Amino acid sequence: MAKEKLRLNRACSIVVRIFSYLQILGFCLLAVGLAEAQNLPNNAHKNPYGPGWTCDRGFYRHGSNCLPVKVPIHGKLNYLGHSWECEKGYYQRGSECLPVKVPAHGKLNYLGHGWECERGYYQHGNKCLPVKVPKHGKLTYLGHGWECEKGFKKVGDNCVKMTPKEVAKQLEIEKKIREKILRRRAKGVSGQDCDTEYKTNAQVCISVTNVNLNCNKSYAGEYYNDCDVSVSYNLETDYRGGTYLDVNINCSVEINYSGKEMLIAQSDSDNSSENHSLYAHDSSSNSMDFNFSFSSFYEVTRVKVSSCSCEIESVDLY
């Protein structure tokens, strides 16, 4: 009987301890939630997939506040809604959107914020002048210059017939190019994100190749003022056509940071887009830079990149 009573007392003691731990845990979670709610500025919302907060659409992050995006005339909010871009037919100069002045024989470019010459014309300052194609010459692939027909070489403004030795050398170069294309075609394309151009069924893939974090300390060297993140990526395609693909990509970076005056770690994210032109069996490597600034109030001392990704937003046949 005494042993059973002793076991019962021990069981009750364990239950009491567990209950106490649960109470403490509940108080901690409540405190964290209250702290996050207090730190949430106006025009912001909590990140749905992690700690921290993000500004609402139409607002951008400035330190620990969300300020309204000031959209000029002929401007509009960009895709993410935290900045602005000019409408098609206008270009950005400072905080304004000015009209694109398209010359004779010119047209708006693909994005609509600049211009390019029509096929058969080339840009000379602010004008489009006609391409003068000599005998045995032809317009180049894009149509803004000229090249010689097969068996001829460019000498000044004319096309001169090649010697047998020069023809043999040219054939050897073309053979190596064909072999390179066949190797790429056999290999195919791969990456972390891929998309297909629906008319040609050509595939384009992108891969992040490197992420570099570089933080700048305050004057006294006690905490970080801001951090730069550089994202390197590679694009490749199995496209086989005679024109080119216009590829729009978007890269996003999220960082986690903490400091002396922060109850819990915070996070911040940024996105940026770029356009690339890819030709048959082409590849392209580039990098995208991001900057994250911190309020001196938080005295940020630890920063790391928590996630980074690049995706293909659109693929269009030019």
# chains A, B, ... in the order shown; residues from 1 in each chain; ligands from 1

$ residues_around --residues "Glu147 in chain A" --least-positions-apart "5" --cutoff "6 Å" --atoms "only C-alpha atoms" --output "list of chain:residue names"
A:Gly137, A:Lys138, A:Thr140

$ residues_around --residues "Glu197 in chain A" --least-positions-apart "4" --cutoff "8 Å" --atoms "only C-alpha atoms" --output "list in words"
Asn201, Ala202, Gln203, Val204, Val315, Asp316 and Leu317 of chain A

$ residues_around --residues "Tyr244 in chain A" --least-positions-apart "2" --cutoff "10 Å" --atoms "only C-alpha atoms" --output "short mmCIF file (atom, residue, chain, number, x, y, z; two decimals) with N, CA and C atoms, in the first residue's frame"
data_model
loop_
_atom_site.label_atom_id
_atom_site.label_comp_id
_atom_site.auth_asym_id
_atom_site.auth_seq_id
_atom_site.Cartn_x
_atom_site.Cartn_y
_atom_site.Cartn_z
N TYR A 141 21.80 38.82 -88.90
CA TYR A 141 20.71 38.11 -88.23
C TYR A 141 19.66 39.08 -87.68
N LEU A 142 20.11 40.14 -86.99
CA LEU A 142 19.18 41.10 -86.39
C LEU A 142 18.76 42.19 -87.37
N TYR A 239 16.90 25.83 -77.51
CA TYR A 239 16.21 26.44 -78.65
C TYR A 239 16.99 26.20 -79.95
N ARG A 240 16.28 25.87 -81.03
CA ARG A 240 16.94 25.54 -82.31
C ARG A 240 16.54 26.47 -83.44
N GLY A 241 15.76 27.50 -83.16
CA GLY A 241 15.21 28.35 -84.22
C GLY A 241 16.19 29.36 -84.78
N GLY A 242 15.66 30.22 -85.66
CA GLY A 242 16.49 31.18 -86.36
C GLY A 242 16.42 32.59 -85.82
N ASP A 246 13.35 35.90 -75.77
CA ASP A 246 13.43 36.95 -74.77
C ASP A 246 13.00 36.34 -73.44
N VAL A 247 13.94 36.26 -72.50
CA VAL A 247 13.71 35.57 -71.23
C VAL A 247 13.73 36.58 -70.08
N HIS A 276 17.02 38.70 -70.62
CA HIS A 276 18.12 38.14 -71.39
C HIS A 276 17.63 37.74 -72.77
N SER A 277 18.51 37.83 -73.76
CA SER A 277 18.24 37.34 -75.10
C SER A 277 19.10 36.11 -75.35
N LEU A 278 18.46 35.00 -75.67
CA LEU A 278 19.17 33.74 -75.91
C LEU A 278 18.94 33.29 -77.34
N TYR A 279 20.02 32.92 -78.01
CA TYR A 279 19.94 32.42 -79.38
C TYR A 279 19.96 30.89 -79.37
N ALA A 280 20.06 30.28 -80.53
CA ALA A 280 20.02 28.82 -80.63
C ALA A 280 21.13 28.18 -79.80
N ASP A 282 22.05 28.55 -76.81
CA ASP A 282 22.84 29.60 -76.17
C ASP A 282 22.85 29.42 -74.65
N ASP A 316 9.55 34.33 -74.26
CA ASP A 316 8.81 34.76 -75.44
C ASP A 316 9.70 34.67 -76.67
N LEU A 317 9.10 34.23 -77.78
CA LEU A 317 9.81 34.18 -79.04
C LEU A 317 9.80 35.58 -79.64
N TYR A 318 10.98 36.10 -79.97
CA TYR A 318 11.06 37.47 -80.48
C TYR A 318 10.47 37.56 -81.88
#

$ residues_around --residues "His105 in chain A" --least-positions-apart "6" --cutoff "7 Å" --atoms "only C-alpha atoms" --output "MDAnalysis selection string"
chainID A and resid 117:118 128

$ closest_residue --among "A:Glu261, A:Glu299, A:Asp228, A:Asp195" --to "Asn248 in chain A" --atoms "only C-alpha atoms"
A:Asp195

$ atom_distance --atom1 "CA of Ser252 in chain A" --atom2 "CA of Gly75 in chain A"
23.2 Å

$ select_by_dssp --residues "range 24-266 of chain A" --states "strand (DSSP E or B)" --output "ChimeraX atom specification"
/A:44-46,53-55,59-62,65-68,75-77,84-86,90-93,96-99,106-108,115-117,121-124,127-130,137-139,146-148,152-155,158-161,193-197,202-217,224-237,245-259,266

$ atom_distance --atom1 "CA of Pro68 in chain A" --atom2 "CA of Gln266 in chain A"
21.6 Å

$ closest_atom_pairs --of "range 75-183 of chain A" --to "range 45-54 of chain A" --cutoff "12 Å" --atoms "only C-alpha atoms" --output "Markdown table"
| residue | atom | partner | partner_atom | distance |
| --- | --- | --- | --- | --- |
| A:Leu80 | CA | A:Thr54 | CA | 11.4 |
| A:Gly81 | CA | A:Thr54 | CA | 11.4 |
| A:His82 | CA | A:Thr54 | CA | 9.8 |
